[in-house]
Number of protein chains: 6
Amino acid sequence: MQREVERIREDIKELRIQGAKNVAKAAIGAMGLIARKSKAKSRDEFINELLVAADELASARPTEPMLRNALRALFADIKKSTGDVEELRRLVERNEVEYFRKVKENEEKIAEYGGREFSHSSVILTHCHSSSVVAILKRANELSNGISVICTETRPKLQGLITAKQLSSAGLKVTLIVDSAVSYFIRGVDSVVVGADAITGKGDLVNKVGTAGIAVIAHENGVNMYSAAETFKFDPLTLWGGIEEIEERSPEEIINPNKLKGVGIRNPAFDVTPARYLTAYITEMGVIPPQSLLNVVLRGGFESLY
Amino acid sequence: MQREVERIREDIKELRIQGAKNVAKAAIGAMGLIARKSKAKSRDEFINELLVAADELASARPTEPMLRNALRALFADIKKSTGDVEELRRLVERNEVEYFRKVKENEEKIAEYGGREFSHSSVILTHCHSSSVVAILKRANELSNGISVICTETRPKLQGLITAKQLSSAGLKVTLIVDSAVSYFIRGVDSVVVGADAITGKGDLVNKVGTAGIAVIAHENGVNMYSAAETFKFDPLTLWGGIEEIEERSPEEIINPNKLKGVGIRNPAFDVTPARYLTAYITEMGVIPPQSLLNVVLRGGFESLY
Amino acid sequence: MQREVERIREDIKELRIQGAKNVAKAAIGAMGLIARKSKAKSRDEFINELLVAADELASARPTEPMLRNALRALFADIKKSTGDVEELRRLVERNEVEYFRKVKENEEKIAEYGGREFSHSSVILTHCHSSSVVAILKRANELSNGISVICTETRPKLQGLITAKQLSSAGLKVTLIVDSAVSYFIRGVDSVVVGADAITGKGDLVNKVGTAGIAVIAHENGVNMYSAAETFKFDPLTLWGGIEEIEERSPEEIINPNKLKGVGIRNPAFDVTPARYLTAYITEMGVIPPQSLLNVVLRGGFESLY
Amino acid sequence: MQREVERIREDIKELRIQGAKNVAKAAIGAMGLIARKSKAKSRDEFINELLVAADELASARPTEPMLRNALRALFADIKKSTGDVEELRRLVERNEVEYFRKVKENEEKIAEYGGREFSHSSVILTHCHSSSVVAILKRANELSNGISVICTETRPKLQGLITAKQLSSAGLKVTLIVDSAVSYFIRGVDSVVVGADAITGKGDLVNKVGTAGIAVIAHENGVNMYSAAETFKFDPLTLWGGIEEIEERSPEEIINPNKLKGVGIRNPAFDVTPARYLTAYITEMGVIPPQSLLNVVLRGGFESLY
Amino acid sequence: MQREVERIREDIKELRIQGAKNVAKAAIGAMGLIARKSKAKSRDEFINELLVAADELASARPTEPMLRNALRALFADIKKSTGDVEELRRLVERNEVEYFRKVKENEEKIAEYGGREFSHSSVILTHCHSSSVVAILKRANELSNGISVICTETRPKLQGLITAKQLSSAGLKVTLIVDSAVSYFIRGVDSVVVGADAITGKGDLVNKVGTAGIAVIAHENGVNMYSAAETFKFDPLTLWGGIEEIEERSPEEIINPNKLKGVGIRNPAFDVTPARYLTAYITEMGVIPPQSLLNVVLRGGFESLY
Amino acid sequence: MQREVERIREDIKELRIQGAKNVAKAAIGAMGLIARKSKAKSRDEFINELLVAADELASARPTEPMLRNALRALFADIKKSTGDVEELRRLVERNEVEYFRKVKENEEKIAEYGGREFSHSSVILTHCHSSSVVAILKRANELSNGISVICTETRPKLQGLITAKQLSSAGLKVTLIVDSAVSYFIRGVDSVVVGADAITGKGDLVNKVGTAGIAVIAHENGVNMYSAAETFKFDPLTLWGGIEEIEERSPEEIINPNKLKGVGIRNPAFDVTPARYLTAYITEMGVIPPQSLLNVVLRGGFESLY
């Protein structure tokens with residue numbers, strides 16, 4: 001069992017499992033796995049096994065509030081329960097099912113709301129790969145008479161190629177460019193939409209490195225800049241001060257350092273786009289101005305309007 | 001002889017000879033070669049041989065005013081001369097020697113003026129590879145107590161690696177980043193300095209794709225944005241309307257298109273940075289505000305100040 | 001009865017009834033009329049009659065959330081009631097009385113809050129005609145030592161003339177200008193205040209075409225830009241993606257197309273001002289930052305402060 | 001003779017002769033008329049007759065540097081000559097011919113340079129009516145595969161209708177909008193191009209009221225903003241301080257003031273667009289950055305480049 | 001007793017008691033004093049004594065919402081109580097203890113949240129003197145490897161010297177500059193943090209004169225701009241229109257007017273920084289975007305996150 | 001003689017002689033003094049005496065191009081002359097007379113051009129003390145119906161008080177404020193006008209610390225920002241790279257450092273305002289856009305316009 005958790009942890013760390021959503025789902029799945037296989041005799045022992053594994057998983061990548069939020073919510077439920085091992089086991093299993101269901105439901109809502117937001121657009125630019133963005137663009141394409149997408153390749157890991165392939169397979173018109181060419185094409189773009197790795201209390205967006213620069217270029221040209229994100233990406237800890245730690249990854253992802261002796265190589269995975277450069281977050285709770293996200297998320301969405 | 005010119009043309013086209021300066025020098029060298037080897041019997045025949053070769057060379061890359069300016073100046077001199085074949089041959093040979101001398105002298109002046117401009121800086125960011133920029137940064141490093149340079153890798157051809165290696169070999173502290181990470185590092189940067197492929201009558205800068213985006217990011221953060229360029233890069237034709245044609249290169253430079261069937265790939269080599277985003281051009285005539293460059297270049301520099 | 005509703009519908013469509021508030025009041029009045037005159041035998045029949053008329057009225061103008069909100073709120077109440085035809089009839093009548101009372105009360109609050117906001121101003125610019133803006137400016141004029149107002153004529157329907165006349169009759173100093181002259185006069189203006197046709201979830205303002213341009217000009221000159229609007233103008237549907245549809249009206253309003261054969265004529269009635277160009281909305285719930293409007297409106301205002 | 005001059009003066013004042021170029025041509029024509037018909041006996045008498053008429057014509061509209069420049073240049077030539085009445089008569093007649101020729105030549109150059117500048121555009125927005133702009137857009141349309149033009153109607157005198165008709169007759173795709181709708185359409189516009197009534201020493205543009213606001217809107221959306229103007233529009237007097245006086249015209253042009261008793265009506269004919277909002281002036285000397293115009297105009301253009 | 005209240009009032013007015021927090025504490029302390037010493041016979045008499053004193057204290061300085069909020073909250077509690085004089089006396093005393101405890105607790109939270117926010121910074125600029133800012137910077141210095149602070153002297157009362165001394169005593173590296181030198185040093189600054197005298201419903205910051213200018217300079221250079229403030233500084237009355245009255249103090253604080261006869265002297269104590277120039281408020285409820293402050297304050301903070 | 005030069009040097013260094021113009025005049029006066037008193041036997045000895053004194057004077061303050069330009073021009077003339085000691089003596093004396101005459105003439109032209117530029121203004125803000133600005137404002141006041149001036153006190157040396165007194169004595173309406181209050185008053189200001197200590201090749205303005213911040217505040221509010229400066233302030237050396245060295249003066253000017261032990265004190269005398277924040281330079285050659293100043297100054301002004 002430990003080995004399986006360890007393997008999941010490694011898959012997360014090495015980006016074999018990738019995307020905030022998949023990482024969170026893997027961790028919640030691992031909790032379910034542990035719950036099912038645990039031979040714990042007491043409630044305390046059982047909870048301890050889960051906590052040890054959760055700690056390990058949470059430390060695999062530092063910039064993953066969705067992962068931490070998912071685990072935090074689970075343990076809040078566990079704490080509330082007074083049940084024995086069997087009851088807790090069922091709680092963890094139900095949590096797994098429910099979490100997967102909720103993630104899926106959110107995805108559908110985001111695709112629908114975002115699809116409507118862009119249905120009148122003709123050219124959308126995106127950066128890196130986000131399953132929410134892909135879902136939105138497919139939906140927008142269904143709703144309108146056909147939209148065209150510009151994808152950056154997204155160095156160093158070239159996740160933009162995944163986006164390009166998925167959208168092209170879905171029948172959208174796709175153009176691939178190098179990251180540096182955003183400014184060249186921006187005047188013909190209606191909106192930019194990217195995913196999110198984390199959202200801070202201030203409404204700032206933590207996302208794939210390059211996002212902040214694209215936001216500035218869009219802003220200077222009057223182009224809308226959206227981020228599509230389930231509200232699980234909101235990191236409540238940032239309300240208490242300090243920003244999300246920015247993960248810095250291996251130089252090897254950029255170039256073999258031996259080929260460039262004496263030269264330092266810096267490889268930050270994310271950057272931070274201030275709220276004032278963003279038009280809105282497209283969430284399962286609606287299309288929300290960045291400065292209001294904390295109030296929407298922490299007080300709950302607006303189920304029944306009027 | 002034709003084959004040699006053809007080879008030079010191919011080397012230019014395939015970027016084996018690269019950088020506006022090297023391209024112009026190769027073309028002027030080719031003119032000398034033809035002059036030396038020509039068996040022309042008449043003045044007209046001789047000039048015609050040169051013109052045919054010049055046309056071929058000029059068409060190798062569309063965005064190269066320095067190449068065109070060099071050839072245009074040579075033919076202006078030829079037209080003024082009334083000499084016979086021998087005299088013209090000597091004229092072309094003298095032109096070659098003088099052009100190489102002048103280019104070298106300009107380079108030294110630019111290094112000196114730029115070196116002084118940045119001697120109080122501590123962190124400079126550059127994009128792509130420019131021999132003028134390398135010379136300036138080396139000189140700045142001599143004049144100050146040591147400056148640190150951030151180089152972008154510069155997709156798709158990764159010319160930033162050349163910059164990084166040259167500066168590191170010269171003893172500067174160098175950090176390599178992906179193109180997308182400019183925004184992440186900009187707050188710690190004192191100035192940006194890049195080269196130039198062409199400068200228009202409006203003072204706009206035509207340079208490696210990505211430059212325009214970096215300029216916007218620098219502008220938004222109050223960071224100075226310089227271009228280092230001999231005034232031979234100024235394209236007088238742009239005064240008469242129309243911008244420099246932007247060369248679009250093979251998708252193969254980005255990715256093998258077979259790996260991305262159905263996806264369009266666009267690979268513009270340059271972009272255009274409007275004059276208002278530039279602090280100054282560092283030229284052999286001085287450090288000049290972009291909006292005044294046409295007056296400085298077309299009326300001559302200021303040799304004896306006061 | 002049908003004819004009367006049809007007439008109201010036509011009056012709305014042809015701008016004989018005009019202004020979001022008057023349109024909504026007319027529709028609620030029409031509901032009352034139907035309720036009073038209905039000969040429906042069953043609860044279902046009664047509701048159906050109302051629904052048919054509501055649909056017709058709502059489709060008269062596409063960009064009228066206040067109209068839709070008013071009808072939606074009424075049907076929500078109807079749905080909650082289990083009463084028979086008589087009881088429903090009384091409900092619809094009470095709703096009519098209450099809606100008119102609430103609209104009037106809101107108007108008074110907006111006049112008071114806006115009046116205080118501008119009591120220290122000396123020159124206010126407004127565009128088009130808004131009864132809320134007129135009420136605010138009258139109140140500001142009472143509170144201060146006299147303010148001066150600049151009105152645009154507001155092509156193509158020249159509603160600015162109505163504003164100019166009403167304010168002038170009320171004793172304010174008024175100057176009329178063409179729409180294009182806003183930039184000429186802006187440096188002497190303290191604040192701009194306009195009405196609202198609709199407000200989106202992002203806090204964007206949908207208002208008479210020309211508003212977005214005035215907002216940009218005000219922003220560039222450090223001039224405050226307000227919109228006065230009861231919160232009934234907030235369109236909750238925009239939270240679920242997509243913007244308010246922008247009504248495009250007949251070219252005839254601009255010019256007889258026969259006089260300009262071969263020329264296309266476009267006549268959008270509204271434009272969209274992004275939240276970041278707005279200082280605040282002046283509503284009956286207070287003077288609210290645009291990015292927070294959704295939270296204030298959908299969670300209710302702040303009745304008892306401290 | 002006096003009556004004919006007086007009539008020309010009235011035609012200028014009442015906008016029956018309109019556009020800076022036509023006004024200047026009319027005045028130079030009037031000088032020719034006087035020269036031809038004069039019965040002056042002495043050189044002094046002859047010059048005096050011209051000066052009296054020139055003064056009258058120059059005062060017809062205060063914001064017309066082209067008119068003043070044309071007359072000033074004529075009198076400079078007269079002063080240089082020492083000839084008798086006959087010789088001066090011939091000088092004035094030659095000046096008339098030459099001025100008309102030069103104006104025509106400039107127009108052709110401006111059309112050509114501007115045509116090239118916009119040949120890659122697809123949508124151009126213009127304001128008011130300028131024969132230079134019309135000529136440029138026709139030429140651009142010939143050079144490219146067809147461009148589309150958006151014309152504002154341009155209140156109060158609706159000169160935009162003239163532009164729309166002329167361009168439509170010439171086969172361009174034209175759309176007419178109200179002045180307020182510029183912001184609504186700006187995101188789909190590639191460049192704005194307008195004419196010029198005067199250009200100041202600082203490079204600021206004096207043009208039909210509304211231009212300055214359009215420039216701000218274009219700037220905020222990254223859209224290029226050009227003015228097409230022969231350099232005769234440059235007003236050298238502004239170098240010595242003070243701006244061009246802005247003509248304020250009759251309220252009657254906007255509305256019959258009796259219909260709006262008690263309301264002030266302001267009708268400035270022009271506004272001033274600061275140099276920093278302009279991309280370039282398209283002149284017969286080339287496409288020039290605004291801040292450099294004084295150096296280009298006052299030192300002469302660049303006839304032989306390289 | 002009256003004399004003691006009068007003395008406190010004078011100390012507040014003459015800035016012997018200074019800082020919004022100290023002023024509020026002094027007023028609440030005065031209420032306690034009155035309660036303890038009152039010889040009132042009836043409930044009404046007792047409340048009246050308190051009200052008279054509260055009115056006097058509140059009028060000592062017009063721009064002090066924290067003072068008004070504290071008194072308003074106290075009287076709300078009094079009104080809810082039906083107790084007799086003794087009970088009310090105990091209520092006022094408990095309120096005093098509780099208020100001091102709450103202020104202290106808020107201060108500690110603000111220091112902690114702000115300390116974390118700046119723990120990665122190296123240079124912070126501050127203006128005037130704020131005990132919250134001092135506490136934050138001390139905490140940030142503990143958390144990081146040492147930060148450096150730039151203090152403006154803050155004319156006319158030179159409160160910046162107090163900040164400089166307190167931070168220097170606490171072991172931070174401190175540099176003092178004149179107010180005008182902010183722009184000179186801004187490029188080397190990571191963040192600006194100031195206190196707050198009042199916060200309006202729109203999220204605007206009322207603070208020591210000079211703050212608004214620093215905010216603009218920071219904005220233009222991409223530098224974050226924070227205000228540290230307990231939410232007691234939020235002025236709910238501003239929601240109902242009108243801004244905080246800006247206190248204008250004696251010219252004597254600037255210069256003896258006799259030395260400058262004939263010259264007017266203006267001495268506003270505060271200015272207003274619009275919400276869009278602020279990164280966030282650091283409050284005891286978290287680090288909050290300015291546009292959302294009203295919703296956070298008026299609906300209560302987020303005690304238990306997830 | 002040496003002692004007299006030494007005294008002048010000290011007066012310059014200690015700001016007893018102050019203002020770029022007065023410093024340059026003192027140095028040229030000192031050259032005259034030396035020429036008159038010199039007992040040099042040979043041409044070389046004479047020139048050497050001048051050079052030694054010039055070196056000493058030039059080093060008294062590092063940021064004084066006007067001083068250096070004046071001396072440089074003198075020595076250029078000396079070099080051109082082949083005369084003996086007597087002839088050189090006369091040359092130096094004539095230079096002194098001519099320099100004083102030219103400075104006076106420039107002052108009058110600047111006053112006139114600037115006066116016209118501001119004759120339509122009603123409120124002008126200025127910083128520090130500049131005799132050119134005082135002359136301009138007096139002239140503007142004569143030309144218009146009366147203008148009002150806001151003066152900053154200008155810490156640390158309070159030169160703003162001199163400006164306030166001089167303008168008030170001349171009958172202008174003057175208001176004194178602390179430096180920090182610029183932002184508070186800016187919305188009511190028509191234009192800002194300051195002097196200049198030096199102007200760089202890029203058109204940047206080196207002036208009293210605080211100027212750059214005021215320029216940013218003016219820019220953000222659409223307020224014009226002028227600098228009044230004879231072209232002698234242009235520093236041609238900056239064309240060859242590097243900015244003017246910014247003099248940092250004694251901390252004692254701000255506060256007795258003993259009162260603030262452990263706190264660093266920084267006292268830069270000037271800051272640098274980038275050309276893009278300036279509307280124009282008001283010079284004796286006209287009102288010139290900053291980016292064109294180098295071409296106007298180094299190629300000579302425009303004596304005879306048309």
# chains A, B, ... in the order shown; residues from 1 in each chain; ligands from 1
>>> closest_atom_pairs(of="chain A", to="chain D", cutoff="12 Å", atoms="only C-alpha atoms", output="CSV")
residue,atom,partner,partner_atom,distance
A:Ser121,CA,D:Gly188,CA,11.6
A:Ser122,CA,D:Gly188,CA,11.2
A:Val123,CA,D:Gly188,CA,11.8
A:Ser183,CA,D:Gly222,CA,11.2
A:Ile186,CA,D:Gly222,CA,9.8
A:Arg187,CA,D:Gly222,CA,7.7
A:Gly188,CA,D:Gly188,CA,8.3
A:Val189,CA,D:Arg187,CA,9.4
A:Asp190,CA,D:Arg187,CA,8.2
A:Ser191,CA,D:Arg187,CA,11.0
A:Ile217,CA,D:Gly222,CA,9.8
A:Ala218,CA,D:Asn221,CA,9.4
A:His219,CA,D:Asn221,CA,8.5
A:Glu220,CA,D:Gly222,CA,6.5
A:Asn221,CA,D:Gly222,CA,4.5
A:Gly222,CA,D:Asn221,CA,4.5
A:Val223,CA,D:Asn221,CA,7.7
A:Asn224,CA,D:Asn221,CA,10.9
>>> residues_around(residues="Lys109 in chain F", least_positions_apart="2", cutoff="9 Å", atoms="only C-alpha atoms", output="PyMOL selection string")
(chain D and resi 240) or (chain F and resi 104-107+111-114+283-286)
>>> write_last_selection(atoms="N, CA, C and O atoms", output="compact mmCIF listing (two decimals), in the first residue's frame")
# COMPACT_ATOMS: atom_id res chain seq x y z
N TRP D 240 6.69 79.52 -31.43
CA TRP D 240 6.97 80.68 -30.54
C TRP D 240 5.95 80.79 -29.41
O TRP D 240 5.77 81.83 -28.83
N LYS F 104 20.82 86.87 -21.37
CA LYS F 104 19.70 87.79 -21.12
C LYS F 104 18.67 87.70 -22.26
O LYS F 104 17.47 87.65 -22.02
N GLU F 105 19.19 87.70 -23.47
CA GLU F 105 18.31 87.64 -24.63
C GLU F 105 17.49 86.33 -24.60
O GLU F 105 16.28 86.33 -24.87
N ASN F 106 18.16 85.22 -24.30
CA ASN F 106 17.47 83.94 -24.22
C ASN F 106 16.35 83.99 -23.19
O ASN F 106 15.24 83.50 -23.41
N GLU F 107 16.68 84.59 -22.04
CA GLU F 107 15.72 84.70 -20.97
C GLU F 107 14.46 85.42 -21.43
O GLU F 107 13.34 85.01 -21.14
N ALA F 111 10.74 83.81 -21.75
CA ALA F 111 9.61 84.43 -21.05
C ALA F 111 8.47 84.69 -22.02
O ALA F 111 7.30 84.44 -21.71
N GLU F 112 8.80 85.17 -23.20
CA GLU F 112 7.76 85.51 -24.18
C GLU F 112 7.07 84.25 -24.70
O GLU F 112 5.84 84.16 -24.72
N TYR F 113 7.86 83.26 -25.13
CA TYR F 113 7.26 82.04 -25.70
C TYR F 113 6.45 81.30 -24.64
O TYR F 113 5.34 80.82 -24.89
N GLY F 114 7.02 81.18 -23.46
CA GLY F 114 6.31 80.49 -22.37
C GLY F 114 5.08 81.28 -21.95
O GLY F 114 4.02 80.71 -21.68
N THR F 283 12.25 76.78 -24.90
CA THR F 283 13.62 77.26 -25.04
C THR F 283 13.64 78.56 -25.84
O THR F 283 12.62 78.97 -26.38
N GLU F 284 14.82 79.17 -25.93
CA GLU F 284 14.94 80.40 -26.72
C GLU F 284 14.81 80.09 -28.22
O GLU F 284 14.68 81.01 -29.02
N MET F 285 14.85 78.81 -28.59
CA MET F 285 14.67 78.44 -30.00
C MET F 285 13.21 78.06 -30.30
O MET F 285 12.90 77.66 -31.42
N GLY F 286 12.36 78.10 -29.29
CA GLY F 286 10.96 77.75 -29.48
C GLY F 286 10.48 76.72 -28.47
O GLY F 286 11.24 76.32 -27.59
>>> residues_around(residues="Gly32 in chain D", least_positions_apart="3", cutoff="12 Å", atoms="only C-alpha atoms", output="VMD selection string")
chain D and resid 1 4 to 5 25 to 29 35 to 38 49 to 50 53 to 54 71 74 88 to 100
>>> select_by_dssp(residues="range 102-197 of chain B", states="alpha helix (DSSP H)", output="ChimeraX atom specification")
/B:102-118,131-143,160-169,182-185
>>> select_by_dssp(residues="range 77-163 of chain C", states="strand (DSSP E or B)", output="list in words")
Val123, Ile124, Leu125, Thr126, Ser148, Val149, Ile150, Cys151 and Thr152 of chain C
>>> write_last_selection(atoms="C-alpha atoms", output="PDB file, in the first residue's frame")
ATOM      1  CA  VAL C 123     -18.808  70.527 -13.369  1.00  0.00           C
ATOM      2  CA  ILE C 124     -20.479  67.206 -14.192  1.00  0.00           C
ATOM      3  CA  LEU C 125     -20.744  65.689 -17.666  1.00  0.00           C
ATOM      4  CA  THR C 126     -23.575  63.340 -18.635  1.00  0.00           C
ATOM      5  CA  SER C 148     -22.782  73.156 -13.851  1.00  0.00           C
ATOM      6  CA  VAL C 149     -23.685  70.295 -16.201  1.00  0.00           C
ATOM      7  CA  ILE C 150     -22.432  69.443 -19.686  1.00  0.00           C
ATOM      8  CA  CYS C 151     -24.899  67.362 -21.744  1.00  0.00           C
ATOM      9  CA  THR C 152     -24.058  65.566 -24.985  1.00  0.00           C
TER      10      THR C 152
END
>>> atom_distance(atom1="CA of Ser250 in chain E", atom2="CA of Ala269 in chain E")
9.6 Å
>>> closest_residue(among="E:Ala140, E:Val193, E:Leu260, E:Val133", to="Gly160 in chain F", atoms="only C-alpha atoms")
E:Leu260
>>> residues_around(residues="Ala20 in chain A", least_positions_apart="3", cutoff="7 Å", atoms="only C-alpha atoms", output="MDAnalysis selection string")
chainID A and resid 23:24 64 66 197
>>> atom_distance(atom1="CA of Val134 in chain B", atom2="CA of Val194 in chain B")
9.5 Å
>>> decode(residues="range 113-119 of chain C", atoms="all heavy atoms", output="mmCIF file, in the first residue's frame")
data_model
loop_
_atom_site.group_PDB
_atom_site.id
_atom_site.type_symbol
_atom_site.label_atom_id
_atom_site.label_comp_id
_atom_site.auth_asym_id
_atom_site.auth_seq_id
_atom_site.Cartn_x
_atom_site.Cartn_y
_atom_site.Cartn_z
ATOM 1 N N TYR C 113 -27.974 59.599 -2.383
ATOM 2 C CA TYR C 113 -26.583 59.141 -2.303
ATOM 3 C C TYR C 113 -25.736 59.812 -3.380
ATOM 4 O O TYR C 113 -24.612 60.237 -3.138
ATOM 5 C CB TYR C 113 -26.490 57.615 -2.456
ATOM 6 C CG TYR C 113 -27.291 56.836 -1.441
ATOM 7 C CD1 TYR C 113 -27.639 55.504 -1.666
ATOM 8 C CD2 TYR C 113 -27.712 57.420 -0.242
ATOM 9 C CE1 TYR C 113 -28.372 54.779 -0.745
ATOM 10 C CE2 TYR C 113 -28.461 56.701 0.686
ATOM 11 C CZ TYR C 113 -28.788 55.390 0.421
ATOM 12 O OH TYR C 113 -29.528 54.679 1.337
ATOM 13 N N GLY C 114 -26.280 59.870 -4.588
ATOM 14 C CA GLY C 114 -25.543 60.509 -5.685
ATOM 15 C C GLY C 114 -25.391 62.002 -5.446
ATOM 16 O O GLY C 114 -24.340 62.578 -5.725
ATOM 17 N N GLY C 115 -26.450 62.608 -4.931
ATOM 18 C CA GLY C 115 -26.380 64.036 -4.631
ATOM 19 C C GLY C 115 -25.235 64.347 -3.678
ATOM 20 O O GLY C 115 -24.463 65.281 -3.889
ATOM 21 N N ARG C 116 -25.110 63.521 -2.635
ATOM 22 C CA ARG C 116 -24.005 63.737 -1.683
ATOM 23 C C ARG C 116 -22.649 63.510 -2.352
ATOM 24 O O ARG C 116 -21.697 64.223 -2.089
ATOM 25 C CB ARG C 116 -24.134 62.757 -0.517
ATOM 26 C CG ARG C 116 -25.239 63.118 0.451
ATOM 27 C CD ARG C 116 -25.199 62.166 1.648
ATOM 28 N NE ARG C 116 -26.518 62.032 2.243
ATOM 29 C CZ ARG C 116 -26.969 60.934 2.821
ATOM 30 N NH1 ARG C 116 -26.196 59.848 2.887
ATOM 31 N NH2 ARG C 116 -28.173 60.895 3.340
ATOM 32 N N GLU C 117 -22.587 62.488 -3.210
ATOM 33 C CA GLU C 117 -21.313 62.147 -3.864
ATOM 34 C C GLU C 117 -20.798 63.321 -4.700
ATOM 35 O O GLU C 117 -19.600 63.519 -4.833
ATOM 36 C CB GLU C 117 -21.510 60.909 -4.752
ATOM 37 C CG GLU C 117 -20.238 60.280 -5.285
ATOM 38 C CD GLU C 117 -19.519 59.402 -4.257
ATOM 39 O OE1 GLU C 117 -20.092 59.102 -3.189
ATOM 40 O OE2 GLU C 117 -18.361 59.029 -4.523
ATOM 41 N N PHE C 118 -21.714 64.088 -5.281
ATOM 42 C CA PHE C 118 -21.299 65.166 -6.190
ATOM 43 C C PHE C 118 -21.452 66.563 -5.593
ATOM 44 O O PHE C 118 -21.242 67.547 -6.286
ATOM 45 C CB PHE C 118 -22.113 65.103 -7.484
ATOM 46 C CG PHE C 118 -21.898 63.822 -8.231
ATOM 47 C CD1 PHE C 118 -22.957 62.991 -8.558
ATOM 48 C CD2 PHE C 118 -20.614 63.430 -8.591
ATOM 49 C CE1 PHE C 118 -22.748 61.801 -9.234
ATOM 50 C CE2 PHE C 118 -20.400 62.238 -9.270
ATOM 51 C CZ PHE C 118 -21.471 61.417 -9.590
ATOM 52 N N SER C 119 -21.823 66.633 -4.304
ATOM 53 C CA SER C 119 -22.125 67.962 -3.757
ATOM 54 C C SER C 119 -20.893 68.864 -3.757
ATOM 55 O O SER C 119 -21.022 70.077 -3.726
ATOM 56 C CB SER C 119 -22.714 67.833 -2.354
ATOM 57 O OG SER C 119 -21.758 67.262 -1.491
#
